[in-house]
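Okay, structure first, notes after.
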Amino acid sequence: MSAMYGHADDDWLMRAHGDIDQWAAVMDVDADDRPIDWNWVRTLDLVHGVGVATVHDCDAGASSDVHDLLRRDLMIRDRLEAILTCCDRVFMTDYDRLIPSYRLPRALAHANRRLNDEINLLRDRGVAEGLWTVAYEHRERVTVPVLQAAEGARAVDDIQDRTAELVNGRAERRKRAREQRGAGERLMVAANLEGAIAAGGAAADEGTTAASPIGSDWRDVYLPGRGLDAVMGIDIETTGTDPLRDYIIDVGFEYMNMVTPRPQDAPAGMPYVDSSYQAGDAYGQARLGFGVTRANAWHGNETIRNLTGIDVKMRSSSQWRLFDEWPQAQRGLLMRLEQQPFVAHNANFEHRFFLHNVAGYAESYRAGHIVIIDTMPMSRRWDEGSAPSEAHPYGDNSLESYAKRQGALPGDSSERHLGLEDAHIMLVAMKHHLTALREAHRGPWGPDGVSGTGGKRAKGRRW
């Protein structure tokens, strides 16, 4: 399938094989608690592709068995993604630094994206040959393609997409593990209280077991602090929501100071696609467009075209370089991400894509050089307009709704779903919101606010 893959820098993909022993030393099982066969990983051709089909196998009418090719490709993807799903956690908790580089997971993700393209084209071939139809169904956390065999055709049970089963099963296991840890912690607290009563005749201070503030959750680590000023807002557009399968096709970023004036010598940047958007306090605007593989372009993506206006069918020519194959673009973005806190709305989305696309990002983040701030928990925690409802049990915290409530987007306008424009309304909303919170002595200036810039930063183990 290398003819459809793009033009990769083969050297880094080949060097990634040299990292396998380091990962094998600390990572024994995959996300489904199965032993990892690292010898199988060594057999994968990360340069030319890990799938079993050729470019001609994806053409309707080819003599090969499309059913068998699809079945084998799906098995490889399930196996590969079960490994990749664990790599982030293993790398970030490798406090002894036995794994110095995140290059191998990036290389495996690079190969998996192209394998997913191949799977899509094989499904397309089956449709073109009248073997099955494809419908998309939302199943809890993910949307999956569901095949329906044509009348008189071969059954398709063994080539159904298992993503929902795997993803939802992993999520349930993580939930049970959290509940077990919580139960254990509560038992330890109860035992400590009993000991305190037995020794002193009175219960320990109730404040030691007080619950977290109402509405707080894991996203609170992304909240800004009262000392935040210069930030870079960033938004990415992708071909889907999964960094192991989808491509970054649009990146927009700009800078804004939350407290001090806009630098007088700051670059004016580029204009927004909508003339109603005014730069105001923003500066250093930039928009970067990227391509997709030929296989991804051939398959097409109407959902993304309708959402963003970007037609991936037009993004496979030589003028559109793939972000995951453009080291200079990755280095330039990483340098900017390290210089000041970066802000995103639902920042874990950008974070996960950067981990699996940007050389050096995972290493820099683990070392504590990257600070991430998220405007979504600002909306959840500090915006009274984000009231829970039947349609939105946790409040309406979309970027569009948050920006409208904070006066960054007119009520009759919509989010553009383009990187630069969305980064702009996010920063304007954030600055308006922080200004109001400061005046009301709330948010970062309230009782549970923090000093400094705030945000999420990897701190490592404290010995």
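Ordering of the structure tokens sets the chain letters (A, B, ...); residue numbers start at 1 within each chain; ligands are numbered from 1 in the order shown.
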
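Neighbours of A:Pro145 closer than or equal to 7 Å, with only C-alpha atoms counted and sequence neighbours fewer than 5 positions away skipped, come out as A:Val134, A:Ala135, A:Tyr136, A:Glu137, A:Asp161.
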
Can you spit out the residues from that selection as a tab-separated table (two decimals), in the first residue's frame, using C-alpha atoms?
```tsv
chain	number	residue	atom	x	y	z
A	134	VAL	CA	-22.37	-0.04	5.11
A	135	ALA	CA	-24.36	1.96	7.67
A	136	TYR	CA	-22.98	3.94	10.61
A	137	GLU	CA	-24.29	3.46	14.14
A	161	ASP	CA	-15.88	-3.55	13.17
```

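Near A:Ser414, within 7 Å and counting only C-alpha atoms, sit Glu400, Asp412 and Arg416 of chain A, not including residues fewer than 2 positions from it in the same chain.
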
Quote the spacing between atom CA of A:Glu384 and atom CA of A:Arg352 in Å to one decimal place.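 For atom CA of A:Glu384 relative to atom CA of A:Arg352, the distance reads 29.2 Å.
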
So that I can check the surroundings of A:His424, please list as number ranges by chain every protein, DNA and RNA residue that reaches within 12 Å of it, counting only C-alpha atoms and ignoring chain neighbours fewer than 6 positions away. A: 231-235, 252-256, 270-274, 277-287, 343-345, 399-400, 403, 408-409, 415-418, 430-431

Test item: residues at most 8 Å from A:Ser364, only C-alpha atoms, excluding those fewer than 5 positions along its chain, as an MDAnalysis selection string: chainID A and resid 338 369:370

Quick one, how far is atom CA of A:Thr308 from atom CA of A:Asp250?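 So the answer is 9.7 Å.
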
One decimal, Å: what's the distance from atom CA of A:Ser389 over to atom CA of A:His138, could you say? 21.7 Å

Identify which of the residues A:Arg176, A:Leu228, A:Arg79, A:Lys404 lies closest to A:Thr435, counting only C-alpha atoms when measuring atom-to-atom distances.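 Among the listed residues, the smallest separation from A:Thr435 belongs to A:Leu228.
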
List the spatial neighbours of stretch 221-224 of chain A as a PyMOL selection string - criterion: any atom at most 6 Å away, only C-alpha atoms, same-chain residues fewer than 5 positions off excluded. chain A and resi 373-374+453-456

Dump as a PDB file, in the first residue's frame, selection limited to N, CA and C atoms:
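Result file is again_8.pdb:
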```pdb
ATOM      1  N   ILE A 373      -4.005  24.733  29.246  1.00  0.00           N
ATOM      2  CA  ILE A 373      -5.183  25.324  29.864  1.00  0.00           C
ATOM      3  C   ILE A 373      -6.383  25.044  28.970  1.00  0.00           C
ATOM      4  N   ASP A 374      -7.503  24.737  29.604  1.00  0.00           N
ATOM      5  CA  ASP A 374      -8.694  24.325  28.865  1.00  0.00           C
ATOM      6  C   ASP A 374      -9.857  25.246  29.226  1.00  0.00           C
ATOM      7  N   THR A 453       0.199  30.541  36.828  1.00  0.00           N
ATOM      8  CA  THR A 453      -0.528  30.385  35.573  1.00  0.00           C
ATOM      9  C   THR A 453      -1.618  29.335  35.662  1.00  0.00           C
ATOM     10  N   GLY A 454      -1.503  28.390  36.589  1.00  0.00           N
ATOM     11  CA  GLY A 454      -2.453  27.294  36.631  1.00  0.00           C
ATOM     12  C   GLY A 454      -2.216  26.349  35.471  1.00  0.00           C
ATOM     13  N   GLY A 455      -3.265  25.618  35.079  1.00  0.00           N
ATOM     14  CA  GLY A 455      -3.144  24.696  33.964  1.00  0.00           C
ATOM     15  C   GLY A 455      -2.525  23.370  34.353  1.00  0.00           C
ATOM     16  N   LYS A 456      -2.518  22.468  33.396  1.00  0.00           N
ATOM     17  CA  LYS A 456      -1.992  21.118  33.613  1.00  0.00           C
ATOM     18  C   LYS A 456      -0.545  21.043  33.145  1.00  0.00           C
TER      19      LYS A 456
END
```

Please return as a list in words: the residues of stretch 114-182 of chain A that backbone DSSP assigns to strand (DSSP E or B).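 Result set for stretch 114-182 of chain A (strand (DSSP E or B)): Trp132, Thr133, Val134, Ala135, Tyr136, Glu137, His138, Arg139, Val142, Thr143, Val144, Pro145, Val146, Leu147, Gln148 and Ala149 of chain A.
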
Got time to write the residues from that selection, all heavy atoms, as a CSV table (one decimal), in the first residue's frame?
```csv
chain,number,residue,atom,x,y,z
A,132,TRP,N,-21.8,-6.2,0.2
A,132,TRP,CA,-22.4,-5.7,1.4
A,132,TRP,C,-22.8,-4.2,1.3
A,132,TRP,O,-22.3,-3.5,0.4
A,132,TRP,CB,-21.5,-5.9,2.6
A,132,TRP,CG,-20.1,-5.4,2.5
A,132,TRP,CD1,-19.7,-4.0,2.4
A,132,TRP,CD2,-18.9,-6.1,2.3
A,132,TRP,NE1,-18.4,-3.9,2.3
A,132,TRP,CE2,-17.8,-5.2,2.2
A,132,TRP,CE3,-18.6,-7.5,2.3
A,132,TRP,CZ2,-16.5,-5.5,2.1
A,132,TRP,CZ3,-17.2,-7.8,2.2
A,132,TRP,CH2,-16.2,-6.9,2.1
A,133,THR,N,-23.5,-3.7,2.2
A,133,THR,CA,-23.8,-2.3,2.4
A,133,THR,C,-23.2,-1.9,3.7
A,133,THR,O,-22.9,-2.7,4.6
A,133,THR,CB,-25.3,-2.0,2.4
A,133,THR,OG1,-25.9,-2.7,3.4
A,133,THR,CG2,-25.9,-2.4,1.0
A,134,VAL,N,-23.0,-0.6,3.9
A,134,VAL,CA,-22.4,0.0,5.1
A,134,VAL,C,-23.3,1.1,5.7
A,134,VAL,O,-23.7,2.0,5.0
A,134,VAL,CB,-21.0,0.5,4.9
A,134,VAL,CG1,-20.4,1.1,6.2
A,134,VAL,CG2,-20.0,-0.5,4.3
A,135,ALA,N,-23.6,0.9,7.0
A,135,ALA,CA,-24.4,2.0,7.7
A,135,ALA,C,-23.6,2.3,8.9
A,135,ALA,O,-22.8,1.5,9.4
A,135,ALA,CB,-25.8,1.5,8.0
A,136,TYR,N,-23.7,3.5,9.4
A,136,TYR,CA,-23.0,3.9,10.6
A,136,TYR,C,-23.9,4.1,11.8
A,136,TYR,O,-25.0,4.7,11.7
A,136,TYR,CB,-22.3,5.3,10.3
A,136,TYR,CG,-21.1,5.1,9.4
A,136,TYR,CD1,-21.3,5.1,8.0
A,136,TYR,CD2,-19.8,4.9,9.8
A,136,TYR,CE1,-20.3,4.9,7.1
A,136,TYR,CE2,-18.8,4.7,8.9
A,136,TYR,CZ,-19.0,4.7,7.6
A,136,TYR,OH,-18.0,4.5,6.7
A,137,GLU,N,-23.5,3.5,12.9
A,137,GLU,CA,-24.3,3.5,14.1
A,137,GLU,C,-23.5,4.0,15.3
A,137,GLU,O,-22.3,3.7,15.4
A,137,GLU,CB,-24.8,2.0,14.5
A,137,GLU,CG,-25.7,1.5,13.4
A,137,GLU,CD,-26.2,0.1,13.8
A,137,GLU,OE1,-25.9,-0.4,15.0
A,137,GLU,OE2,-26.9,-0.6,13.0
A,138,HIS,N,-24.1,4.8,16.2
A,138,HIS,CA,-23.5,5.3,17.4
A,138,HIS,C,-23.7,4.3,18.5
A,138,HIS,O,-24.9,4.0,18.8
A,138,HIS,CB,-24.0,6.7,17.8
A,138,HIS,CG,-23.3,7.3,18.9
A,138,HIS,ND1,-22.0,7.8,18.8
A,138,HIS,CD2,-23.6,7.5,20.2
A,138,HIS,CE1,-21.6,8.2,19.9
A,138,HIS,NE2,-22.5,8.1,20.8
A,139,ARG,N,-22.6,3.8,19.1
A,139,ARG,CA,-22.7,2.8,20.1
A,139,ARG,C,-22.0,3.3,21.4
A,139,ARG,O,-20.7,3.1,21.4
A,139,ARG,CB,-22.2,1.5,19.7
A,139,ARG,CG,-23.1,0.9,18.5
A,139,ARG,CD,-22.6,-0.5,18.1
A,139,ARG,NE,-23.4,-1.0,17.0
A,139,ARG,CZ,-23.2,-2.2,16.4
A,139,ARG,NH1,-22.1,-2.9,16.7
A,139,ARG,NH2,-24.0,-2.6,15.5
A,142,VAL,N,-18.6,5.6,20.7
A,142,VAL,CA,-18.0,5.7,19.4
A,142,VAL,C,-19.1,5.4,18.4
A,142,VAL,O,-20.1,4.8,18.6
A,142,VAL,CB,-16.9,4.7,19.2
A,142,VAL,CG1,-15.7,5.0,20.1
A,142,VAL,CG2,-17.3,3.2,19.4
A,143,THR,N,-18.8,5.8,17.1
A,143,THR,CA,-19.6,5.5,16.0
A,143,THR,C,-18.9,4.5,15.1
A,143,THR,O,-17.7,4.7,14.8
A,143,THR,CB,-20.0,6.8,15.2
A,143,THR,OG1,-20.7,7.7,16.0
A,143,THR,CG2,-20.8,6.5,14.0
A,144,VAL,N,-19.5,3.5,14.7
A,144,VAL,CA,-18.9,2.4,13.9
A,144,VAL,C,-19.6,2.1,12.7
A,144,VAL,O,-20.8,2.2,12.6
A,144,VAL,CB,-18.7,1.1,14.8
A,144,VAL,CG1,-17.8,1.4,16.0
A,144,VAL,CG2,-20.1,0.6,15.3
A,145,PRO,N,-18.9,1.6,11.6
A,145,PRO,CA,-19.5,1.1,10.4
A,145,PRO,C,-20.1,-0.3,10.7
A,145,PRO,O,-19.4,-1.1,11.3
A,145,PRO,CB,-18.4,1.1,9.4
A,145,PRO,CG,-17.2,0.9,10.2
A,145,PRO,CD,-17.4,1.6,11.5
A,146,VAL,N,-21.3,-0.5,10.2
A,146,VAL,CA,-21.9,-1.8,10.4
A,146,VAL,C,-22.2,-2.4,9.0
A,146,VAL,O,-22.9,-1.7,8.2
A,146,VAL,CB,-23.2,-1.7,11.2
A,146,VAL,CG1,-23.9,-3.1,11.3
A,146,VAL,CG2,-22.9,-1.1,12.6
A,147,LEU,N,-21.7,-3.5,8.7
A,147,LEU,CA,-21.9,-4.2,7.4
A,147,LEU,C,-23.2,-5.0,7.4
A,147,LEU,O,-23.5,-5.7,8.4
A,147,LEU,CB,-20.7,-5.1,7.0
A,147,LEU,CG,-19.3,-4.4,7.0
A,147,LEU,CD1,-18.3,-5.4,6.4
A,147,LEU,CD2,-19.3,-3.1,6.2
A,148,GLN,N,-23.9,-4.9,6.3
A,148,GLN,CA,-25.1,-5.8,6.0
A,148,GLN,C,-24.8,-6.6,4.8
A,148,GLN,O,-24.7,-6.0,3.7
A,148,GLN,CB,-26.3,-5.0,5.9
A,148,GLN,CG,-27.6,-5.8,5.6
A,148,GLN,CD,-28.0,-6.6,6.8
A,148,GLN,OE1,-28.0,-6.2,8.0
A,148,GLN,NE2,-28.4,-7.9,6.6
A,149,ALA,N,-24.7,-7.9,4.9
A,149,ALA,CA,-24.5,-8.7,3.7
A,149,ALA,C,-25.6,-8.6,2.7
A,149,ALA,O,-26.8,-8.6,3.0
A,149,ALA,CB,-24.3,-10.2,4.1
```

List the neighbours of A:Arg321 out to 12 Å using only C-alpha atoms; skip same-chain residues closer than 3 positions along the sequence, and give me the result as a PyMOL selection string. chain A and resi 5-8+247-250+288-294+315-318+324-330

Residues of stretch 135-344 of chain A in alpha helix (DSSP H) according to DSSP, as a ChimeraX atom specification? /A:163-200,294-299,302-308,327-339

With only C-alpha atoms as the counted atoms, please give the residues lying no more than 7 Å from stretch 438-447 of chain A, apart from itself and same-chain residues fewer than 5 positions off, as a list of chain:residue names.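 Result of the neighbour search: A:Pro224, A:Gly225, A:Arg226, A:Trp382.
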
Please produce a file of those selected residues containing C-alpha atoms, as a PDB file, in the first residue's frame.
```
ATOM      1  CA  PRO A 224      -6.134  28.805  34.764  1.00  0.00           C
ATOM      2  CA  GLY A 225      -4.542  30.481  37.781  1.00  0.00           C
ATOM      3  CA  ARG A 226      -4.811  34.097  38.873  1.00  0.00           C
ATOM      4  CA  TRP A 382     -17.447  29.241  36.433  1.00  0.00           C
TER       5      TRP A 382
END
```

May I ask which of the residues A:Ser64, A:Arg71, A:Val29, A:Leu115 is the closest one to A:Gly51, counting only C-alpha atoms? A:Leu115

From A:Ile99, A:Gly269, A:Asp78, A:His67, residue lying nearest A:Glu165 [only C-alpha atoms]: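 Result for the nearest residue to A:Glu165: A:Asp78.
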